[in-house]
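S.K.: Take a look at the following structure, please.
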Amino acid sequence: MKPSRFQYVRPQSIPEAVMALQRHNSKVLAGGQSLTPLLSMRLASPDVLVDINGLTELSGIELRGSELWIGAIARHQEVLTHVLVQTHVPLIQQALAYVAHPVIRNRGTSVGSIAHADPAGELTAVAALLGARIHVSAQQGPREILAADFFVGPLESSLQHGELVTGVSFPVLDATWGSSCQEVARRHGDYALAGVCALVQVLDGQIMAARIAIFSVAGTPLVIDVIDVHEDHEKLNLKVQALIDPDTDIHATADYRRQLVKTLVVQALTEARVHAELRQS
Amino acid sequence: MTTKSFGEPILRKEDPRLVSGQGRYLDDLGHDALAAAFLRSPHASARILDIDVTDAIDVPGLIGIYTYEDLEGRVAEPLPLLIPHPALLNGRTGYPLANEYVRHVGEAIVMVIAEDRYVAEDVVDLIKVSYEILKPVVGIEDAKAAHNAVHSSVPNNVSAHSVKEVGDARAMIKSAPHKLSLDLFIERSACSPLEGKGVYAIWEEDSQELRLWSSTQTSTGVRAAVAAKLDLPLQKVECIAPDVGGGFGVKIMHPWPEEVLIPWAARKLKRPVKWSEDRREHFISSAHERAQEHHIEVGFDEEGRILGLDVTFFHDNGAYTPYGIIIPLITSTQLLGPYKPASYRVEFTSLFTNTVLVIPYRGAGRPQGVFAMERTVDAIAKYLKLDRTVVRERNFIQPHEMPYDLGLIFQDGRPLEYDSGDFPASMAMLKKMVGWDDFETMRSEYAAMGRKIGIGVACYVEGTGVGPYEGGFVQVETSGRINVATGLTSQGQGHQTVFAQIVADELGVPIEDVFVTTGDTRRFPYAVGTFASRAAVMSGNAIALAARQVRDKALRLAGEALECDPQDLEIVDGIIRVKGDHAKSIALKTVAVLSNPLRYAFDESAKAATQFAVGDTSKPPVPEDQEPGLEGKDYYSPMASTFANGMHAVIIEILPETAEVKILRYVVVHDCGRVINPMIVEGQIHGGVAQGVAGALYERMAYDESGQLQNASFMDFLMPYSTEIPTVEAGHLETPSPLNPLGIKGAGEAGVIPGSAVFASAIEDAEGFEIRRMPISPSELWELRRTMKENA
Ligand SMILES: Cc1cc2nc3c(=O)[nH]c(=O)nc-3n(C[C@H](O)[C@H](O)[C@H](O)COP(=O)(O)OP(=O)(O)OC[C@H]3O[C@@H](n4cnc5c(N)ncnc54)[C@H](O)[C@@H]3O)c2cc1C
């Protein structure tokens, strides 16, 4: 369990980082909480590791117009406790509460988690549900990728070799919106067997919009608009079940995962509505 | 009076060092040593056709590549079969490096030594082994079917078979008014210490001596085994267990292949060599335990009294049997727990499979036995519509029947006789603590809220402190420092504290002055090891006896110095004084000075012991029947094991839709005789309960049919976190053991034993259908509900 040989570079600026990333078989090292185990098990053997932890300009969490911007080296723990996140996109914190354990959250980055594109990652679902924009620096210049276009498959994104994610911006949700993240994991902080993020808009006690993102049951987070069925749990379940295709593995059968989704969708929507009402009161 | 420390919750002396990063575990040693890495079999059963190192030999930093062909002398022989037994008809052990055949994924084939572990792993990646892949045997059913053989020389994959009978159980069952039969399964788990195994060896070419560190539970065992394998005089080998990050059984096995190979390589290369096991290696090449399949036939009367119990079980022993058949032997004898069926028959068959070998894991066969017995008792209660605790109470051995001979032979080859215990009192205490009699009220309150809860109970008896012996050495230095040594090893149990407590009380000295060394063959070369909840019983008593020798000698010398009868003296806070005349006194450390007549005055205290300062010139300086120095050494070797017992109850809630099990309360009543340190005993219970919860609800070894372990990491092997472990409410009962001077019994394994039994009992109680297989995950429980509903 020792990584194979690699070169380690620690650039001091974004252009320098992008330059380093042009080298053959390079990889970004952010918090290292997903990458280092892969290196140790030799499931990843990059030639060059580009450590972005020196890029202090990417450490911020700030409001940019109607968006909340989270920089590439902001740690889960900072995001989890940041007042701007709490005020403007509470779903991120609702989801992060399920992510790993304090020691891992102290190091792991929220943006790294999205870049990693783990279909079991809570933040991938959040990004997909909110329609976040992924900001990328590349040699050809910066570009943006919509979350819907970013997640391509399990651990696979539309990021090209040599590209650096500098940050992710999330649309700010005013008080008409409520959200919730619900999941079932075998142990606290584990990746979920199944999980659901829900987002509802409540105006004058009426649900005006209802969307969910289901994670851990497909190769990418699955966003479903459920405004048409949210009041009828049976129809809601039928709609959702038709779209998911969970696997059986050593931890759970596919049918059990379906059962979890059924339960969690209702829970998440109920909680999201309560949340919206709470924010409005 | 010196404050009495035996029985007090004294803070652990070792903790300031261990929790502040001052511990020295195996991988903290030998930073400049060469590193070893192993190429291990990717197949469960295969013949090795060729090993090609062409691509590997030019890697810079490579020192050597070794295969079976390179092994010499006794290193090339099969590893020892440590515990032979007449029922073990076909014991088999592996070689340090595979000799033509590999029999489980993870078996070592090639050893690579390099400048560091990174290079060694690079080299391993470049070695190509070609195999003829054979059909593996995975799991008990596969082994029984015997379509394939693990060892071609072993028919039907059977390593051992045993039948034991007390009375005619089959006839008794036949004539019993009521009968039941049950099939019960337990899956594999593993010790999973946070620190894996590790070996570090230094060969001193000049003196032809080997110094060896191993993360082991028996440094004396490793030393003897390595000396034998390397054909070295025992005198030329020393073995030290440094700080060890947990053992739980896996490190009592010895010699592990690496424990032979690393010293062998160090001698061959004349350079220090180290190997630290990584987590994946630990999963696939150390040891597992627990997989057993039991069939029970039981006959009983209207009252629920067991008239005949007939147990037939199959034990999966993995690919080899280096540790013999201790586990099924323990299951077969300890299954009975606190009960006295009128007749008992037990038959077991131990089977080879192409999986990691099986050796004791904390509890060692008892969790399975207790699961089988307790499920049976619950089934009787359900059948007769009786309270589960009532059926238990009716079958209990009563206190007045102690000592109670069960008519069986225990794992140490001696008669199985319970020395003491008060099972009805334990049960009464448990029921009171958990609120057993009020549970139906609680159940309806929860039901009214739409919540489903259940309560479970399980009892066990644990033979602890097995022989043959341990020794203790106690020495008073002239500074007042007390050195204590015992040969068995420590893996975090708190030996530095409890042994110091014993010595502090026996000698009348402050505990701060007592320093304990364990597991270092340079300090105490005679020992067995730390396993079977034996350290406190065995070494504790040996150390107490050694301390009493020191006390006798100190009082005698002090009597001479103070010109009084030693009988009139007492030792308080390190001062020997005349009872009732405290002015007449001498410090224990001064007596240490006097005990060792000196020629040379190297410091002030030594001056007092030189030949012109002391001594009765009419006698030799050291009297004929005495030795210099204030020290003592003694051994404790019991006639039989001492039997601890306990009872657990758990209240759980099961979520209606997701079948997740939440633990609401976990209550333990525990009797391990006289308690040296209640805080440490409680810590042992908490750790045990954590592993009990783990085995019942989380952990399993997920082998696929090709013999690949699919969850060989802590990501997929679900060792619970602290967040999954309940608060343990523990009650203590102290029934002293009549068998040893201190009246103590072992406590190390207790907490884990009834885990699967108590959770199965509670889940069954909540769900209403039978639980016959553990561990159980929410997914399995949900699927089981569905099957039950479909069948209903
Ligand atoms: C025990 C444990 C439990 C965990 N549980 C959870 C959980 O429940 N839910 C969850 O979501 N996560 C979990 N994680 C993962 C954790 O959240 C990681 O921190 C996160 O997935 C990755 O963030 P990182 O900063 O550590 O990225 P790294 O490990 O450094 O990188 C991960 C991958 O993303 C790439 N990458 C990272 N940042 C960038 C960037 N800016 N631009 C381009 N590529 C980039 C890297 O090249 C690498 O391929 C767990 C981790 C552990 C060790």
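Chain lettering (A, B, ...) mirrors the order of the structure tokens, residue numbering begins at 1 for each chain separately, and ligand numbering begins at 1 in order of display.
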Which residues are near region 160-163 of chain A? Cut-off 10 Å, only C-alpha atoms, ignore same chain within fewer than 2 positions. Put them as a PyMOL selection string.

M.R.: chain A and resi 17-28+136-143+157-158+165-166

S.K.: Only residues of chain B matter here; which ones have an atom within 10 Å of chain A, counting only C-alpha atoms? Give them as a PyMOL selection string.

M.R.: chain B and resi 37+117-122+125+277-281+657-660+697-698+700-704+710-711+715-724+777-783

S.K.: To check your reading of the model: which residues sit at most 8 Å from ligand 1 when counting only C-alpha atoms and all ligand atoms? Write the answer as a ChimeraX atom specification.

M.R.: /A:27-37,52,72-73,75-76,96,98-101,104-105,107-118,120-124,136,159,163-167,189-192 /B:715

S.K.: Using only C-alpha atoms, can you tell me which of B:Glu477, B:Glu563, B:Glu107, B:Glu293 comes closest to Ala592 (chain B)?

M.R.: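 Counting only C-alpha atoms, the residue closest to Ala592 (chain B) is B:Glu477.
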
S.K.: Just the alpha helix (DSSP H) stuff from region 133-236 of chain A, please, per backbone DSSP, written as a PyMOL selection string.

M.R.: chain A and resi 147-150+233-236

S.K.: For the residues selected in the previous step, produce a file with N, CA, C and O atoms as a PDB file, in the first residue's frame.

M.R.:
ATOM      1  N   ALA A 147     -23.520  21.723 -14.127  1.00  0.00           N
ATOM      2  CA  ALA A 147     -23.495  20.429 -13.426  1.00  0.00           C
ATOM      3  C   ALA A 147     -24.136  19.335 -14.277  1.00  0.00           C
ATOM      4  O   ALA A 147     -23.651  18.205 -14.316  1.00  0.00           O
ATOM      5  N   ALA A 148     -25.211  19.684 -14.945  1.00  0.00           N
ATOM      6  CA  ALA A 148     -25.919  18.680 -15.750  1.00  0.00           C
ATOM      7  C   ALA A 148     -25.005  18.085 -16.817  1.00  0.00           C
ATOM      8  O   ALA A 148     -25.191  16.932 -17.234  1.00  0.00           O
ATOM      9  N   ASP A 149     -24.034  18.869 -17.262  1.00  0.00           N
ATOM     10  CA  ASP A 149     -23.107  18.372 -18.285  1.00  0.00           C
ATOM     11  C   ASP A 149     -21.823  17.835 -17.689  1.00  0.00           C
ATOM     12  O   ASP A 149     -20.979  17.288 -18.399  1.00  0.00           O
ATOM     13  N   PHE A 150     -21.657  18.053 -16.404  1.00  0.00           N
ATOM     14  CA  PHE A 150     -20.370  17.730 -15.782  1.00  0.00           C
ATOM     15  C   PHE A 150     -20.255  16.254 -15.414  1.00  0.00           C
ATOM     16  O   PHE A 150     -19.251  15.607 -15.666  1.00  0.00           O
ATOM     17  N   HIS A 233     -48.104  10.088  -3.016  1.00  0.00           N
ATOM     18  CA  HIS A 233     -46.898   9.306  -2.752  1.00  0.00           C
ATOM     19  C   HIS A 233     -46.779   8.080  -3.636  1.00  0.00           C
ATOM     20  O   HIS A 233     -45.674   7.673  -3.994  1.00  0.00           O
ATOM     21  N   GLU A 234     -47.904   7.515  -3.999  1.00  0.00           N
ATOM     22  CA  GLU A 234     -47.849   6.327  -4.847  1.00  0.00           C
ATOM     23  C   GLU A 234     -47.334   6.681  -6.245  1.00  0.00           C
ATOM     24  O   GLU A 234     -46.434   6.029  -6.768  1.00  0.00           O
ATOM     25  N   LYS A 235     -47.911   7.748  -6.783  1.00  0.00           N
ATOM     26  CA  LYS A 235     -47.479   8.194  -8.120  1.00  0.00           C
ATOM     27  C   LYS A 235     -46.032   8.656  -8.092  1.00  0.00           C
ATOM     28  O   LYS A 235     -45.250   8.413  -9.009  1.00  0.00           O
ATOM     29  N   LEU A 236     -45.722   9.352  -7.004  1.00  0.00           N
ATOM     30  CA  LEU A 236     -44.351   9.843  -6.815  1.00  0.00           C
ATOM     31  C   LEU A 236     -43.376   8.668  -6.870  1.00  0.00           C
ATOM     32  O   LEU A 236     -42.389   8.672  -7.604  1.00  0.00           O
TER      33      LEU A 236
END

S.K.: Using only C-alpha atoms, which protein or nucleic acid residues come within 9 Å of region 506-519 of chain B? Drop anything in the same chain fewer than 4 positions from it, and give the result as a short mmCIF file (atom, residue, chain, number, x, y, z; two decimals) with N, CA, C and O atoms, in the first residue's frame.

M.R.:
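As written to disk, selection-v4.cif reads:
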data_model
loop_
_atom_site.label_atom_id
_atom_site.label_comp_id
_atom_site.auth_asym_id
_atom_site.auth_seq_id
_atom_site.Cartn_x
_atom_site.Cartn_y
_atom_site.Cartn_z
N MET B 1 -1.56 3.90 56.67
CA MET B 1 -1.68 2.85 55.63
C MET B 1 -1.44 3.43 54.23
O MET B 1 -1.87 4.52 53.91
N THR B 2 -0.78 2.65 53.42
CA THR B 2 -0.70 2.99 52.01
C THR B 2 -2.12 2.87 51.46
O THR B 2 -2.85 1.97 51.86
N THR B 3 -2.51 3.76 50.57
CA THR B 3 -3.83 3.64 49.99
C THR B 3 -3.91 2.29 49.27
O THR B 3 -3.03 1.97 48.49
N LYS B 4 -4.96 1.57 49.53
CA LYS B 4 -5.13 0.29 48.87
C LYS B 4 -5.41 0.56 47.39
O LYS B 4 -6.19 1.43 47.05
N SER B 5 -4.74 -0.14 46.52
CA SER B 5 -5.01 0.14 45.11
C SER B 5 -5.75 -1.00 44.42
O SER B 5 -6.44 -0.78 43.44
N LYS B 13 -1.59 3.78 33.90
CA LYS B 13 -0.23 4.35 33.89
C LYS B 13 0.31 4.51 32.48
O LYS B 13 1.14 5.37 32.21
N THR B 216 3.41 -9.02 18.45
CA THR B 216 2.91 -10.36 18.75
C THR B 216 2.23 -10.39 20.11
O THR B 216 2.44 -9.51 20.95
N GLN B 217 1.44 -11.43 20.34
CA GLN B 217 0.86 -11.68 21.66
C GLN B 217 1.71 -12.68 22.44
O GLN B 217 1.37 -13.04 23.55
N THR B 218 2.80 -13.17 21.83
CA THR B 218 3.68 -14.08 22.55
C THR B 218 5.12 -13.96 22.07
O THR B 218 5.51 -14.57 21.07
N SER B 219 5.92 -13.17 22.77
CA SER B 219 7.31 -13.02 22.34
C SER B 219 8.12 -14.27 22.66
O SER B 219 9.03 -14.63 21.92
N THR B 220 7.77 -14.98 23.74
CA THR B 220 8.51 -16.21 24.05
C THR B 220 8.22 -17.26 22.98
O THR B 220 9.13 -18.01 22.59
N CYS B 239 13.51 -11.83 21.69
CA CYS B 239 12.33 -11.30 21.01
C CYS B 239 11.61 -10.33 21.93
O CYS B 239 11.40 -10.62 23.12
N ILE B 240 11.26 -9.22 21.38
CA ILE B 240 10.61 -8.16 22.15
C ILE B 240 9.30 -7.78 21.46
O ILE B 240 9.28 -7.56 20.25
N ALA B 241 8.25 -7.70 22.25
CA ALA B 241 7.00 -7.13 21.73
C ALA B 241 7.02 -5.66 22.11
O ALA B 241 6.97 -5.33 23.29
N PRO B 242 7.11 -4.76 21.14
CA PRO B 242 7.07 -3.33 21.48
C PRO B 242 5.63 -2.96 21.83
O PRO B 242 4.82 -3.85 22.09
N GLY B 480 14.57 2.88 45.21
CA GLY B 480 13.17 2.75 45.59
C GLY B 480 12.29 2.38 44.42
O GLY B 480 11.11 2.09 44.58
N ARG B 481 12.85 2.41 43.24
CA ARG B 481 12.09 2.02 42.06
C ARG B 481 11.84 0.50 42.11
O ARG B 481 12.74 -0.27 42.40
N ILE B 482 10.60 0.11 41.81
CA ILE B 482 10.27 -1.31 41.80
C ILE B 482 10.13 -1.76 40.35
O ILE B 482 9.27 -1.24 39.62
N ASN B 483 10.95 -2.69 39.94
CA ASN B 483 10.83 -3.24 38.59
C ASN B 483 10.04 -4.53 38.64
O ASN B 483 10.31 -5.40 39.46
N VAL B 484 9.09 -4.63 37.75
CA VAL B 484 8.29 -5.85 37.67
C VAL B 484 8.39 -6.35 36.24
O VAL B 484 8.34 -5.55 35.30
N ALA B 485 8.55 -7.64 36.07
CA ALA B 485 8.55 -8.18 34.71
C ALA B 485 7.72 -9.45 34.67
O ALA B 485 7.69 -10.23 35.61
N THR B 486 7.04 -9.61 33.55
CA THR B 486 6.38 -10.88 33.27
C THR B 486 6.55 -11.12 31.79
O THR B 486 6.73 -10.18 31.01
N GLY B 487 6.48 -12.38 31.40
CA GLY B 487 6.83 -12.69 30.02
C GLY B 487 5.72 -12.46 29.03
O GLY B 487 5.97 -12.23 27.85
N LEU B 488 4.48 -12.52 29.50
CA LEU B 488 3.42 -12.35 28.50
C LEU B 488 3.36 -10.89 28.05
O LEU B 488 3.94 -10.00 28.67
N THR B 489 2.68 -10.67 26.95
CA THR B 489 2.76 -9.39 26.25
C THR B 489 1.52 -8.54 26.52
O THR B 489 0.54 -9.02 27.05
N SER B 490 1.60 -7.28 26.11
CA SER B 490 0.46 -6.36 26.28
C SER B 490 0.04 -5.80 24.93
O SER B 490 0.88 -5.47 24.11
N HIS B 495 -1.91 -3.64 31.42
CA HIS B 495 -1.09 -4.47 32.31
C HIS B 495 -0.15 -3.63 33.17
O HIS B 495 0.12 -3.98 34.32
N GLN B 496 0.37 -2.53 32.61
CA GLN B 496 1.29 -1.69 33.38
C GLN B 496 0.61 -1.18 34.64
O GLN B 496 1.25 -0.92 35.63
N THR B 497 -0.69 -1.06 34.56
CA THR B 497 -1.43 -0.52 35.70
C THR B 497 -1.87 -1.63 36.67
O THR B 497 -1.59 -1.55 37.86
N PHE B 499 -0.90 -4.75 37.06
CA PHE B 499 0.18 -5.48 37.71
C PHE B 499 0.85 -4.58 38.76
O PHE B 499 1.25 -5.03 39.83
N ALA B 500 0.95 -3.30 38.46
CA ALA B 500 1.52 -2.36 39.43
C ALA B 500 0.62 -2.25 40.65
O ALA B 500 1.10 -2.16 41.78
N GLN B 501 -0.70 -2.29 40.43
CA GLN B 501 -1.63 -2.23 41.57
C GLN B 501 -1.40 -3.42 42.50
O GLN B 501 -1.37 -3.27 43.72
N ILE B 502 -1.24 -4.58 41.88
CA ILE B 502 -1.03 -5.80 42.68
C ILE B 502 0.24 -5.66 43.51
O ILE B 502 0.26 -5.90 44.72
N ARG B 523 13.98 -9.78 29.63
CA ARG B 523 13.63 -9.49 31.02
C ARG B 523 12.96 -10.66 31.70
O ARG B 523 13.05 -10.83 32.91
N PHE B 524 12.20 -11.45 30.95
CA PHE B 524 11.56 -12.63 31.53
C PHE B 524 11.36 -13.67 30.44
O PHE B 524 10.48 -13.54 29.61
N PRO B 525 12.21 -14.68 30.43
CA PRO B 525 12.22 -15.58 29.29
C PRO B 525 11.21 -16.71 29.32
O PRO B 525 11.03 -17.40 28.32
N ALA B 527 7.40 -17.85 29.51
CA ALA B 527 6.04 -17.35 29.43
C ALA B 527 5.28 -18.11 28.36
O ALA B 527 5.87 -18.83 27.55
N GLY B 529 1.84 -16.54 26.90
CA GLY B 529 1.35 -15.48 26.02
C GLY B 529 0.04 -14.90 26.51
O GLY B 529 -0.54 -15.37 27.49
N ALA B 544 1.99 -11.49 42.12
CA ALA B 544 1.64 -11.36 43.55
C ALA B 544 2.52 -12.30 44.37
O ALA B 544 3.04 -11.91 45.43
N LEU B 545 2.72 -13.53 43.89
CA LEU B 545 3.54 -14.49 44.63
C LEU B 545 4.99 -14.01 44.69
O LEU B 545 5.65 -14.11 45.74
N ALA B 547 5.97 -10.91 44.55
CA ALA B 547 6.01 -9.75 45.44
C ALA B 547 6.00 -10.18 46.90
O ALA B 547 6.65 -9.57 47.75
N ARG B 548 5.26 -11.26 47.17
CA ARG B 548 5.24 -11.76 48.56
C ARG B 548 6.62 -12.25 48.98
O ARG B 548 7.02 -12.07 50.12
N VAL B 550 9.42 -11.02 47.91
CA VAL B 550 10.21 -9.81 48.15
C VAL B 550 9.85 -9.23 49.52
O VAL B 550 10.72 -8.83 50.29
N ARG B 551 8.58 -9.23 49.79
CA ARG B 551 8.13 -8.70 51.08
C ARG B 551 8.74 -9.50 52.23
O ARG B 551 9.27 -8.92 53.19
N GLU B 570 5.58 -3.80 59.40
CA GLU B 570 4.66 -3.58 58.28
C GLU B 570 5.34 -2.63 57.29
O GLU B 570 6.31 -1.94 57.65
N ILE B 571 4.87 -2.67 56.04
CA ILE B 571 5.42 -1.74 55.04
C ILE B 571 4.32 -0.78 54.63
O ILE B 571 3.25 -1.20 54.20
N VAL B 572 4.61 0.49 54.81
CA VAL B 572 3.63 1.52 54.46
C VAL B 572 4.35 2.60 53.65
O VAL B 572 5.35 3.15 54.10
N ASP B 573 3.83 2.85 52.45
CA ASP B 573 4.43 3.89 51.60
C ASP B 573 5.93 3.71 51.40
O ASP B 573 6.70 4.67 51.40
N GLY B 574 6.35 2.47 51.28
CA GLY B 574 7.76 2.20 51.01
C GLY B 574 8.64 2.27 52.24
O GLY B 574 9.86 2.18 52.13
N ILE B 575 8.05 2.41 53.44
CA ILE B 575 8.81 2.44 54.68
C ILE B 575 8.44 1.20 55.50
O ILE B 575 7.25 0.93 55.74
N ILE B 576 9.47 0.48 55.96
CA ILE B 576 9.21 -0.66 56.83
C ILE B 576 9.30 -0.13 58.26
O ILE B 576 10.28 0.52 58.65
N LEU B 588 12.34 0.87 52.50
CA LEU B 588 12.49 -0.34 51.69
C LEU B 588 13.72 -0.25 50.79
O LEU B 588 14.46 -1.21 50.61
#

S.K.: May I have the residues within 12 Å of region 278-281 of chain A as JSON, numbers by chain, using only C-alpha atoms and disregarding those fewer than 2 positions away in the same chain?

M.R.: {"A": [86, 87, 88, 89, 90, 173, 174, 175, 176, 177, 178, 179, 201, 202, 203, 204, 205, 271, 272, 273, 274, 275, 276]}

S.K.: In Å, how far is it from CA of Met774 (chain B) to CA of Asn354 (chain B)?

M.R.: 21.8 Å

S.K.: Could you tell me how far CA of Gly363 (chain B) lies from CA of Ala532 (chain B), in Å and to one decimal?

M.R.: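 So the answer is 7.9 Å.
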
S.K.: I'd like the contact shell of Asp245 (chain A) - 9 Å cut-off, only C-alpha atoms, skipping same-chain residues fewer than 6 positions apart - returned as a list in words.

M.R.: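 Residues near the query, excluding close chain neighbours: Val217, Ala218, Ala254 and Arg258 of chain A.
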
S.K.: Show me, as a PDB file with N, CA, C and O atoms, in the first residue's frame, the residues that have an atom within 9 Å of Arg534 (chain B) when counting only C-alpha atoms, minus same-chain residues fewer than 2 positions from it.

M.R.:
ATOM      1  N   THR B 464     -11.560 -18.925  31.682  1.00  0.00           N
ATOM      2  CA  THR B 464     -10.486 -17.935  31.535  1.00  0.00           C
ATOM      3  C   THR B 464      -9.244 -18.423  32.259  1.00  0.00           C
ATOM      4  O   THR B 464      -9.295 -19.365  33.051  1.00  0.00           O
ATOM      5  N   GLY B 465      -8.158 -17.737  31.998  1.00  0.00           N
ATOM      6  CA  GLY B 465      -6.940 -18.041  32.736  1.00  0.00           C
ATOM      7  C   GLY B 465      -6.478 -19.466  32.510  1.00  0.00           C
ATOM      8  O   GLY B 465      -6.166 -20.188  33.457  1.00  0.00           O
ATOM      9  N   VAL B 466      -6.426 -19.895  31.247  1.00  0.00           N
ATOM     10  CA  VAL B 466      -5.926 -21.256  30.998  1.00  0.00           C
ATOM     11  C   VAL B 466      -4.413 -21.280  31.219  1.00  0.00           C
ATOM     12  O   VAL B 466      -3.719 -20.280  31.073  1.00  0.00           O
ATOM     13  N   GLY B 467      -3.932 -22.458  31.568  1.00  0.00           N
ATOM     14  CA  GLY B 467      -2.511 -22.660  31.853  1.00  0.00           C
ATOM     15  C   GLY B 467      -1.693 -22.617  30.581  1.00  0.00           C
ATOM     16  O   GLY B 467      -2.120 -21.981  29.631  1.00  0.00           O
ATOM     17  N   GLY B 529       1.835 -16.538  26.896  1.00  0.00           N
ATOM     18  CA  GLY B 529       1.353 -15.480  26.018  1.00  0.00           C
ATOM     19  C   GLY B 529       0.044 -14.899  26.512  1.00  0.00           C
ATOM     20  O   GLY B 529      -0.536 -15.373  27.491  1.00  0.00           O
ATOM     21  N   THR B 530      -0.404 -13.873  25.809  1.00  0.00           N
ATOM     22  CA  THR B 530      -1.625 -13.180  26.191  1.00  0.00           C
ATOM     23  C   THR B 530      -2.762 -13.613  25.283  1.00  0.00           C
ATOM     24  O   THR B 530      -2.794 -13.260  24.105  1.00  0.00           O
ATOM     25  N   PHE B 531      -3.668 -14.400  25.818  1.00  0.00           N
ATOM     26  CA  PHE B 531      -4.849 -14.877  25.085  1.00  0.00           C
ATOM     27  C   PHE B 531      -5.783 -15.469  26.130  1.00  0.00           C
ATOM     28  O   PHE B 531      -5.426 -15.551  27.312  1.00  0.00           O
ATOM     29  N   ALA B 532      -6.965 -15.889  25.711  1.00  0.00           N
ATOM     30  CA  ALA B 532      -7.874 -16.620  26.598  1.00  0.00           C
ATOM     31  C   ALA B 532      -8.095 -15.913  27.934  1.00  0.00           C
ATOM     32  O   ALA B 532      -8.199 -16.559  28.974  1.00  0.00           O
ATOM     33  N   ALA B 536      -4.367 -11.372  33.593  1.00  0.00           N
ATOM     34  CA  ALA B 536      -4.532 -10.974  34.997  1.00  0.00           C
ATOM     35  C   ALA B 536      -4.472 -12.199  35.902  1.00  0.00           C
ATOM     36  O   ALA B 536      -3.821 -12.192  36.940  1.00  0.00           O
ATOM     37  N   VAL B 537      -5.159 -13.260  35.486  1.00  0.00           N
ATOM     38  CA  VAL B 537      -5.194 -14.459  36.327  1.00  0.00           C
ATOM     39  C   VAL B 537      -3.794 -15.052  36.443  1.00  0.00           C
ATOM     40  O   VAL B 537      -3.310 -15.326  37.541  1.00  0.00           O
ATOM     41  N   MET B 538      -3.132 -15.252  35.308  1.00  0.00           N
ATOM     42  CA  MET B 538      -1.870 -15.985  35.312  1.00  0.00           C
ATOM     43  C   MET B 538      -0.717 -15.109  35.799  1.00  0.00           C
ATOM     44  O   MET B 538      -0.076 -15.406  36.791  1.00  0.00           O
ATOM     45  N   SER B 539      -0.445 -14.035  35.100  1.00  0.00           N
ATOM     46  CA  SER B 539       0.675 -13.188  35.501  1.00  0.00           C
ATOM     47  C   SER B 539       0.352 -12.418  36.766  1.00  0.00           C
ATOM     48  O   SER B 539       1.224 -12.184  37.593  1.00  0.00           O
ATOM     49  N   LYS B 745     -10.758 -13.722  38.071  1.00  0.00           N
ATOM     50  CA  LYS B 745     -11.068 -14.451  36.837  1.00  0.00           C
ATOM     51  C   LYS B 745     -10.794 -13.512  35.678  1.00  0.00           C
ATOM     52  O   LYS B 745     -10.738 -12.304  35.865  1.00  0.00           O
ATOM     53  N   GLY B 746     -10.675 -14.065  34.483  1.00  0.00           N
ATOM     54  CA  GLY B 746     -10.362 -13.232  33.322  1.00  0.00           C
ATOM     55  C   GLY B 746     -11.547 -12.404  32.878  1.00  0.00           C
ATOM     56  O   GLY B 746     -12.702 -12.756  33.102  1.00  0.00           O
ATOM     57  N   ALA B 747     -11.233 -11.278  32.220  1.00  0.00           N
ATOM     58  CA  ALA B 747     -12.309 -10.382  31.780  1.00  0.00           C
ATOM     59  C   ALA B 747     -12.123  -9.911  30.347  1.00  0.00           C
ATOM     60  O   ALA B 747     -12.932  -9.164  29.829  1.00  0.00           O
ATOM     61  N   GLY B 748     -11.071 -10.347  29.698  1.00  0.00           N
ATOM     62  CA  GLY B 748     -10.715  -9.754  28.413  1.00  0.00           C
ATOM     63  C   GLY B 748     -11.682 -10.007  27.281  1.00  0.00           C
ATOM     64  O   GLY B 748     -11.886  -9.151  26.438  1.00  0.00           O
TER      65      GLY B 748
END

S.K.: To one decimal in Å, tell me the separation between CA of Glu445 (chain B) and CA of Lys432 (chain B).

M.R.: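 Going from CA of Glu445 (chain B) over to CA of Lys432 (chain B), I get 19.5 Å.
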
S.K.: Just the residues within 8 Å of region 189-193 of chain B, please, counting only C-alpha atoms, with nothing from its chain fewer than 5 positions along; format it as a PyMOL selection string.

M.R.: chain B and resi 245-250+282-283+287-291+361-362+695+699-701

S.K.: Among region 106-274 of chain A, which residues does DSSP mark as strand (DSSP E) when it is run on the backbone? Keep the chain and numbering as in the structure and answer as a PyMOL selection string.

M.R.: chain A and resi 133-138+141-146+151-153+156-157+164-171+177-184+194-203+206-215+222-225
